[in-house]
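Asker: As input, take query.csv (CSV, C-alpha atoms and all ligand atoms):
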```csv
chain,number,residue,atom,x,y,z
M,1,VAL,CA,113.9,273.2,-41.6
M,2,GLU,CA,111.5,276.0,-42.4
M,3,GLY,CA,114.3,278.6,-42.7
M,4,PHE,CA,114.2,282.1,-44.0
M,5,VAL,CA,116.3,285.0,-45.2
M,6,ARG,CA,114.7,288.3,-44.3
M,7,LEU,CA,116.2,291.7,-45.2
M,8,ASP,CA,115.5,293.6,-41.9
M,9,ALA,CA,117.0,296.9,-43.1
M,10,ALA,CA,119.3,298.3,-45.7
M,11,LEU,CA,121.3,301.5,-46.1
M,12,ALA,CA,122.7,300.6,-49.4
M,13,ASN,CA,122.5,302.0,-52.9
M,14,ASP,CA,124.7,302.4,-56.0
M,15,LEU,CA,125.1,306.2,-55.6
M,16,ASP,CA,126.9,305.8,-52.3
M,17,VAL,CA,129.6,303.7,-54.0
M,18,VAL,CA,130.0,306.4,-56.6
M,19,ASN,CA,130.3,309.2,-54.1
M,20,ALA,CA,132.6,307.3,-51.8
M,21,ALA,CA,135.0,307.2,-54.8
M,22,ARG,CA,134.3,310.7,-56.1
M,23,VAL,CA,135.3,312.3,-52.7
M,24,SER,CA,138.8,311.4,-53.7
M,25,LEU,CA,138.7,314.3,-56.2
M,26,GLY,CA,136.4,316.5,-54.1
M,27,ASN,CA,133.4,315.7,-56.4
M,28,ARG,CA,129.9,314.4,-55.8
M,29,SER,CA,127.2,313.0,-58.2
M,30,GLU,CA,123.5,313.1,-57.9
M,31,LEU,CA,120.8,310.9,-59.5
M,32,GLU,CA,119.5,312.3,-62.8
M,33,ASP,CA,115.7,311.9,-62.9
M,34,GLY,CA,116.0,309.3,-60.2
M,35,VAL,CA,118.5,307.3,-62.3
M,36,LEU,CA,122.3,306.8,-61.9
M,37,ALA,CA,124.1,308.7,-64.7
M,38,GLN,CA,125.8,306.6,-67.3
M,39,ARG,CA,129.3,307.9,-66.3
M,40,ASP,CA,128.6,306.7,-62.7
M,41,VAL,CA,127.6,303.3,-63.9
M,42,GLY,CA,130.9,303.2,-65.8
M,43,LEU,CA,132.7,304.3,-62.6
M,44,ILE,CA,131.3,301.4,-60.6
M,45,GLY,CA,132.5,299.0,-63.3
M,46,PHE,CA,136.0,300.6,-63.2
M,47,LEU,CA,136.1,300.3,-59.4
M,48,MET,CA,135.0,296.6,-59.5
M,49,ARG,CA,137.5,295.6,-62.3
M,50,ASN,CA,140.4,297.4,-60.7
M,51,ARG,CA,139.7,296.1,-57.3
M,52,HIS,CA,139.1,299.5,-55.6
M,53,GLY,CA,137.2,297.8,-52.9
M,54,THR,CA,136.7,300.4,-50.2
M,55,PRO,CA,134.0,302.5,-51.9
M,56,PHE,CA,131.8,299.4,-51.7
M,57,GLU,CA,132.0,299.5,-47.9
M,58,HIS,CA,129.9,302.6,-47.2
M,59,ASN,CA,126.6,300.8,-46.9
M,60,LEU,CA,124.9,298.2,-44.7
M,61,PHE,CA,122.6,295.3,-45.1
M,62,ARG,CA,121.0,293.8,-42.0
M,63,PHE,CA,119.6,290.3,-42.5
M,64,HIS,CA,117.5,288.1,-40.1
M,65,ILE,CA,118.1,284.5,-41.0
M,66,SER,CA,116.9,281.1,-39.8
M,67,CYS,CA,118.8,278.0,-40.9
M,68,PRO,CA,120.3,274.8,-39.6
M,69,ILE,CA,123.2,275.2,-37.2
M,70,PHE,CA,125.7,273.6,-39.6
M,71,VAL,CA,124.8,276.2,-42.2
M,72,ALA,CA,125.1,279.0,-39.6
M,73,ARG,CA,128.6,277.7,-38.7
M,74,GLU,CA,129.7,278.0,-42.3
M,75,TRP,CA,128.1,281.5,-42.5
M,76,MET,CA,129.8,282.8,-39.3
M,77,ARG,CA,133.2,282.0,-40.7
M,78,HIS,CA,132.7,285.2,-42.7
M,79,ARG,CA,134.4,287.5,-40.2
M,80,ILE,CA,133.8,290.9,-41.9
M,81,GLY,CA,130.3,291.5,-40.6
M,82,SER,CA,128.4,291.4,-37.3
M,83,PHE,CA,126.4,288.5,-35.9
M,84,ASN,CA,123.9,288.0,-33.0
M,85,GLU,CA,122.4,284.6,-32.5
M,86,MET,CA,119.6,283.0,-30.5
M,87,SER,CA,121.0,281.6,-27.3
M,88,ALA,CA,120.3,277.9,-26.5
M,89,ARG,CA,121.5,278.7,-23.0
M,90,TYR,CA,118.4,280.9,-22.4
M,91,THR,CA,115.9,279.7,-25.0
M,92,LYS,CA,114.4,276.3,-25.5
M,93,LEU,CA,115.0,275.5,-29.2
M,94,GLU,CA,112.2,274.4,-31.5
M,95,PRO,CA,112.1,270.9,-33.0
M,96,ASN,CA,112.8,272.2,-36.5
M,97,PHE,CA,115.2,269.9,-38.2
M,98,PHE,CA,117.0,269.8,-41.5
M,99,ILE,CA,115.9,267.0,-43.9
M,100,PRO,CA,117.4,267.4,-47.4
M,101,ASP,CA,114.9,267.5,-50.3
M,102,SER,CA,117.4,265.6,-52.4
M,103,VAL,CA,119.8,263.0,-51.0
M,104,TYR,CA,123.1,262.5,-52.9
M,105,THR,CA,126.3,260.6,-52.8
M,106,GLN,CA,129.8,262.0,-52.5
M,107,VAL,CA,132.6,260.5,-54.6
M,108,GLY,CA,136.1,261.7,-55.5
M,109,LYS,CA,138.5,263.6,-53.2
M,110,PRO,CA,138.6,267.0,-51.5
M,111,GLY,CA,138.5,269.8,-54.0
M,112,SER,CA,137.0,267.6,-56.8
M,113,TYR,CA,134.0,265.8,-55.3
M,114,SER,CA,131.1,265.0,-57.4
M,115,PHE,CA,127.6,264.7,-56.0
M,116,GLU,CA,125.2,262.3,-57.6
M,117,PRO,CA,121.5,262.0,-56.6
M,118,MET,CA,120.4,258.8,-55.0
M,119,ASP,CA,117.4,256.8,-56.1
M,120,GLU,CA,114.1,257.4,-54.4
M,121,TYR,CA,114.3,254.2,-52.2
M,122,ASP,CA,117.8,255.0,-50.8
M,123,ALA,CA,116.9,258.7,-50.4
M,124,GLY,CA,113.8,257.7,-48.4
M,125,TRP,CA,115.9,255.4,-46.2
M,126,ALA,CA,118.4,258.2,-45.5
M,127,GLN,CA,115.6,260.6,-44.6
M,128,GLN,CA,114.2,258.1,-42.2
M,129,ILE,CA,117.6,257.5,-40.5
M,130,MET,CA,117.9,261.3,-40.0
M,131,LEU,CA,114.4,261.6,-38.6
M,132,GLY,CA,115.0,258.7,-36.2
M,133,ALA,CA,118.2,260.4,-34.9
M,134,TYR,CA,116.5,263.7,-34.6
M,135,GLU,CA,113.6,262.2,-32.6
M,136,ALA,CA,116.0,260.4,-30.2
M,137,ALA,CA,118.0,263.6,-29.7
M,138,TRP,CA,114.8,265.7,-29.1
M,139,ASP,CA,113.4,263.2,-26.7
M,140,ALA,CA,116.7,263.3,-24.7
M,141,TYR,CA,116.7,267.1,-24.7
M,142,GLU,CA,113.1,267.3,-23.5
M,143,ALA,CA,113.6,264.6,-20.8
M,144,MET,CA,116.5,266.6,-19.4
M,145,LEU,CA,114.6,269.9,-19.5
M,146,ASP,CA,111.7,268.2,-17.8
M,147,ALA,CA,114.1,267.0,-15.1
M,148,GLY,CA,115.1,270.7,-14.5
M,149,ILE,CA,118.6,270.3,-16.1
M,150,ALA,CA,119.9,273.7,-17.4
M,151,LYS,CA,119.2,274.4,-21.1
M,152,GLU,CA,122.9,275.0,-21.6
M,153,LEU,CA,123.7,271.4,-20.6
M,154,ALA,CA,120.7,269.7,-22.2
M,155,ARG,CA,121.5,271.4,-25.6
M,156,ALA,CA,124.6,269.3,-25.9
M,157,VAL,CA,122.6,266.3,-27.3
M,158,LEU,CA,121.1,268.3,-30.1
M,159,PRO,CA,122.4,267.8,-33.6
M,160,VAL,CA,123.7,270.4,-36.0
M,161,GLY,CA,120.7,269.9,-38.2
M,162,ILE,CA,118.4,271.8,-35.8
M,163,ALA,CA,117.4,275.4,-36.7
M,164,THR,CA,119.0,278.5,-35.2
M,165,GLU,CA,118.4,282.1,-36.0
M,166,PHE,CA,120.6,285.2,-36.1
M,167,TYR,CA,121.0,288.8,-37.3
M,168,TRP,CA,123.8,289.5,-39.7
M,169,SER,CA,125.0,293.0,-40.7
M,170,VAL,CA,127.4,293.3,-43.5
M,171,ASN,CA,128.6,295.7,-46.1
M,172,ALA,CA,128.5,295.1,-49.9
M,173,ARG,CA,132.2,294.4,-50.3
M,174,SER,CA,132.1,291.6,-47.7
M,175,LEU,CA,128.7,290.5,-49.0
M,176,MET,CA,130.1,290.0,-52.5
M,177,ASN,CA,132.9,287.9,-51.0
M,178,PHE,CA,130.3,285.8,-49.2
M,179,LEU,CA,128.2,285.4,-52.3
M,180,SER,CA,131.1,284.5,-54.6
M,181,LEU,CA,132.0,281.6,-52.2
M,182,ARG,CA,128.5,280.5,-51.1
M,183,CYS,CA,126.6,280.8,-54.4
M,184,ALA,CA,129.3,278.8,-56.1
M,185,ALA,CA,128.7,275.2,-57.3
M,186,THR,CA,131.4,274.1,-54.8
M,187,ALA,CA,129.4,275.4,-51.9
M,188,GLN,CA,127.1,273.0,-50.0
M,189,ALA,CA,123.6,273.0,-51.5
M,190,ALA,CA,122.2,273.7,-48.1
M,191,ILE,CA,123.9,277.1,-47.7
M,192,ARG,CA,123.7,277.9,-51.4
M,193,GLN,CA,119.9,278.1,-51.3
M,194,TYR,CA,120.1,280.8,-48.6
M,195,ALA,CA,123.0,282.6,-50.3
M,196,LEU,CA,120.9,282.8,-53.5
M,197,GLN,CA,118.1,284.6,-51.5
M,198,VAL,CA,120.7,287.0,-50.1
M,199,ARG,CA,122.0,287.6,-53.6
M,200,ASP,CA,118.4,288.6,-54.8
M,201,HIS,CA,118.3,291.2,-52.0
M,202,PHE,CA,121.7,292.5,-53.0
M,203,GLU,CA,120.6,292.8,-56.7
M,204,ALA,CA,117.4,294.7,-55.7
M,205,GLN,CA,119.2,297.2,-53.5
M,206,MET,CA,122.3,297.8,-55.6
M,207,PRO,CA,121.5,296.8,-59.2
M,208,HIS,CA,124.5,298.4,-60.9
M,209,THR,CA,127.0,297.1,-58.3
M,210,TYR,CA,125.4,293.7,-58.7
M,211,ALA,CA,125.7,293.9,-62.5
M,212,ALA,CA,129.4,295.0,-62.3
M,213,TRP,CA,130.2,292.2,-59.9
M,214,ILE,CA,128.5,289.6,-62.3
M,215,ASP,CA,130.6,291.2,-65.2
M,216,ASN,CA,133.7,290.7,-63.1
M,217,ASP,CA,133.0,287.0,-62.9
M,218,MET,CA,131.6,287.4,-59.4
M,219,VAL,CA,135.0,288.2,-57.9
M,220,ALA,CA,134.6,290.6,-55.0
M,221,PRO,CA,136.8,293.8,-55.3
D,1,LIG,C1,133.7,275.5,-50.4
D,1,LIG,C2,134.3,275.9,-49.1
D,1,LIG,C3,135.0,275.0,-48.4
D,1,LIG,C4,135.6,275.4,-47.1
D,1,LIG,N1,136.2,274.4,-46.4
D,1,LIG,C5,136.7,274.8,-45.2
D,1,LIG,C6,137.4,273.8,-44.4
D,1,LIG,O1,137.5,272.6,-44.8
D,1,LIG,N2,137.9,274.2,-43.2
D,1,LIG,C7,137.8,275.5,-42.7
D,1,LIG,O2,138.3,275.8,-41.6
D,1,LIG,N3,137.2,276.4,-43.5
D,1,LIG,C8,136.6,276.1,-44.7
D,1,LIG,N4,136.0,277.0,-45.4
D,1,LIG,C9,135.8,278.4,-44.8
D,1,LIG,C10,136.8,279.4,-45.4
D,1,LIG,O3,138.2,279.0,-45.2
D,1,LIG,C11,136.6,280.8,-44.9
D,1,LIG,O4,136.8,280.8,-43.5
D,1,LIG,C12,135.2,281.3,-45.2
D,1,LIG,O5,134.9,281.0,-46.6
D,1,LIG,C13,135.2,282.8,-45.0
D,1,LIG,O6,135.9,283.4,-46.1
D,1,LIG,P1,136.7,284.8,-45.9
D,1,LIG,O7,137.8,284.6,-45.0
D,1,LIG,O8,137.1,285.2,-47.3
D,1,LIG,O9,135.6,285.8,-45.4
D,1,LIG,P2,135.7,286.9,-44.2
D,1,LIG,O10,136.2,286.3,-43.0
D,1,LIG,O11,134.4,287.7,-44.2
D,1,LIG,O12,136.9,287.8,-44.8
D,1,LIG,C14,136.7,288.7,-45.9
D,1,LIG,C15,138.0,289.1,-46.5
D,1,LIG,O13,138.7,289.9,-45.5
D,1,LIG,C16,140.1,289.6,-45.5
D,1,LIG,N5,140.4,289.0,-44.2
D,1,LIG,C17,139.6,288.7,-43.2
D,1,LIG,N6,140.3,288.3,-42.1
D,1,LIG,C18,141.6,288.3,-42.5
D,1,LIG,C19,142.8,288.0,-41.8
D,1,LIG,N7,142.8,287.5,-40.5
D,1,LIG,N8,144.0,288.1,-42.4
D,1,LIG,C20,144.0,288.6,-43.7
D,1,LIG,N9,142.9,288.9,-44.4
D,1,LIG,C21,141.7,288.8,-43.8
D,1,LIG,C22,140.3,288.5,-46.6
D,1,LIG,O14,140.6,289.2,-47.8
D,1,LIG,C23,139.0,287.9,-46.7
D,1,LIG,O15,138.7,287.3,-48.0
D,1,LIG,C24,135.4,276.7,-46.6
D,1,LIG,C25,134.7,277.6,-47.4
D,1,LIG,C26,134.2,277.3,-48.6
D,1,LIG,C27,133.4,278.3,-49.5
```
As structure tokens, how would this structure be written, given the file I've shared?

Answerer:
Amino acid sequence: VEGFVRLDAALANDLDVVNAARVSLGNRSELEDGVLAQRDVGLIGFLMRNRHGTPFEHNLFRFHISCPIFVAREWMRHRIGSFNEMSARYTKLEPNFFIPDSVYTQVGKPGSYSFEPMDEYDAGWAQQIMLGAYEAAWDAYEAMLDAGIAKELARAVLPVGIATEFYWSVNARSLMNFLSLRCAATAQAAIRQYALQVRDHFEAQMPHTYAAWIDNDMVAP
């Protein structure tokens, strides 16, 4: 899948976190020479450590994402945010399928799996099996569309490895919760690679909030 994570718009900065907290005492901070004052950096750290989560909600990130359907399903389990997705009832999907760069085994039991890379021969075999299944599914999809069958029925044969795209609007508090779960080593590599790109956008928009979250062992407030 040629997926992407695009930050479509953001209304998000560190000062808004500070002022959402300072209103509690009827105060307000301003940037000093375009920079967050040291006491305000300290306040963000205090809010993060003490789990005063609501000041991190007064901001918005709007992302446009393309990824495989199985990644989107994991993503959309994150309820605190808004989603709109391409409709396969109205739109013919593109033959854009997920083939993993690295193929690995899964040993152990739930909660303590370990994933070991397969050798090149076995990895190539697995990729060929996936390609064959995708081709068969795509041929069936197109045959049904050519016969005039409704897209909403024909899509039933498509696999979860096909690409979808969606908009996701989310605030920093919920974003940190998402990132702590989906950038973790326990997350599936396929969603982690997207989550790491989301994390880069978060760091660029809210560097002090990002740093405080890292200092807090990536626990969302
Ligand atoms: C490694 C991993 C494995 C997983 N495996 C499975 C699995 O096997 N099966 C499965 O079904 N899911 C699985 N999930 C999904 C997981 O259970 C969550 O649905 C998903 O991670 C979203 O997390 P969240 O609820 O914290 O996020 P959000 O839905 O965005 O919620 C954010 C926060 O808001 C609060 N909140 C939201 N809704 C409620 C509510 N109804 N009641 C109380 N508080 C609420 C909570 O504090 C929550 O942390 C897995 C997730 C991960 C990361």

Asker: To check your reading of the model: which residues sit at most 12 Å from ligand LIG 1 (chain D) when counting all atoms listed in the file? Write the answer as an MDAnalysis selection string.

Answerer: chainID M and resid 51 53:54 57 71:83 110:113 168:192 195 219:221

Asker: Could you tell me how far atom CA of Leu131 of chain M sits from atom CA of Leu153 of chain M, in Å to one decimal place?

Answerer: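 Rounded to one decimal, the two atoms are 22.5 Å apart.
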
Asker: Name the closest residue to Leu47 of chain M among the candidates M:Asn27, M:Ala20, M:His64, M:Gly3; distances are taken between atoms, counting only C-alpha atoms.

Answerer: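 Going through M:Asn27, M:Ala20, M:His64, M:Gly3 one by one, the smallest distance to Leu47 of chain M is for M:Ala20.
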
Asker: In Å, rounded to a single decimal, give me how far atom CA of Gln193 of chain M is from atom CA of Asp14 of chain M.

Answerer: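 A separation of 25.2 Å between them.
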
Asker: Would you list the contacts of Pro159 of chain M as a ChimeraX atom specification, taking every protein, DNA or RNA residue within 10 Å and counting all atoms listed in the file, but skipping same-chain residues closer than 2 positions in sequence?

Answerer: /M:68-70,97-98,133-134,137-138,155-157,161-163

Asker: How would the residues just chosen look if you wrote them out with C-alpha atoms as an mmCIF file, keeping the file's coordinate frame?

Answerer:
```
data_model
loop_
_atom_site.group_PDB
_atom_site.id
_atom_site.type_symbol
_atom_site.label_atom_id
_atom_site.label_comp_id
_atom_site.auth_asym_id
_atom_site.auth_seq_id
_atom_site.Cartn_x
_atom_site.Cartn_y
_atom_site.Cartn_z
ATOM 1 C CA PRO M 68 120.300 274.800 -39.600
ATOM 2 C CA ILE M 69 123.200 275.200 -37.200
ATOM 3 C CA PHE M 70 125.700 273.600 -39.600
ATOM 4 C CA PHE M 97 115.200 269.900 -38.200
ATOM 5 C CA PHE M 98 117.000 269.800 -41.500
ATOM 6 C CA ALA M 133 118.200 260.400 -34.900
ATOM 7 C CA TYR M 134 116.500 263.700 -34.600
ATOM 8 C CA ALA M 137 118.000 263.600 -29.700
ATOM 9 C CA TRP M 138 114.800 265.700 -29.100
ATOM 10 C CA ARG M 155 121.500 271.400 -25.600
ATOM 11 C CA ALA M 156 124.600 269.300 -25.900
ATOM 12 C CA VAL M 157 122.600 266.300 -27.300
ATOM 13 C CA GLY M 161 120.700 269.900 -38.200
ATOM 14 C CA ILE M 162 118.400 271.800 -35.800
ATOM 15 C CA ALA M 163 117.400 275.400 -36.700
#
```

Asker: Which protein, DNA or RNA residues are at most 12 Å from (139.8, 308.2, -50.5) in the file's coordinates when you count all atoms listed in the file, listed as a ChimeraX atom specification?

Answerer: /M:17-27,52-58

Asker: Quote the spacing between atom CA of Glu135 of chain M and atom CA of Pro95 of chain M in Å to one decimal place.

Answerer: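 Distance reported for this atom pair: 8.8 Å.
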
Asker: Using all atoms listed in the file, which of M:Gln127, M:Gln197, M:Thr105, M:Thr164 sits nearest Asn84 of chain M?

Answerer: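 Selected residue with least distance to Asn84 of chain M: M:Thr164.
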
Asker: Ranking M:Arg62, M:Tyr141, M:Asn13, M:Asp33 by minimum distance to Val198 of chain M and counting only C-alpha atoms, which one comes first?

Answerer: M:Arg62

Asker: Taking 6 positions as the minimum chain separation for residues in the same chain, which residues sit within 12 Å of segment 145-150 of chain M when counting only C-alpha atoms? Answer as a ChimeraX atom specification.

Answerer: /M:88-93,138-139,156-157
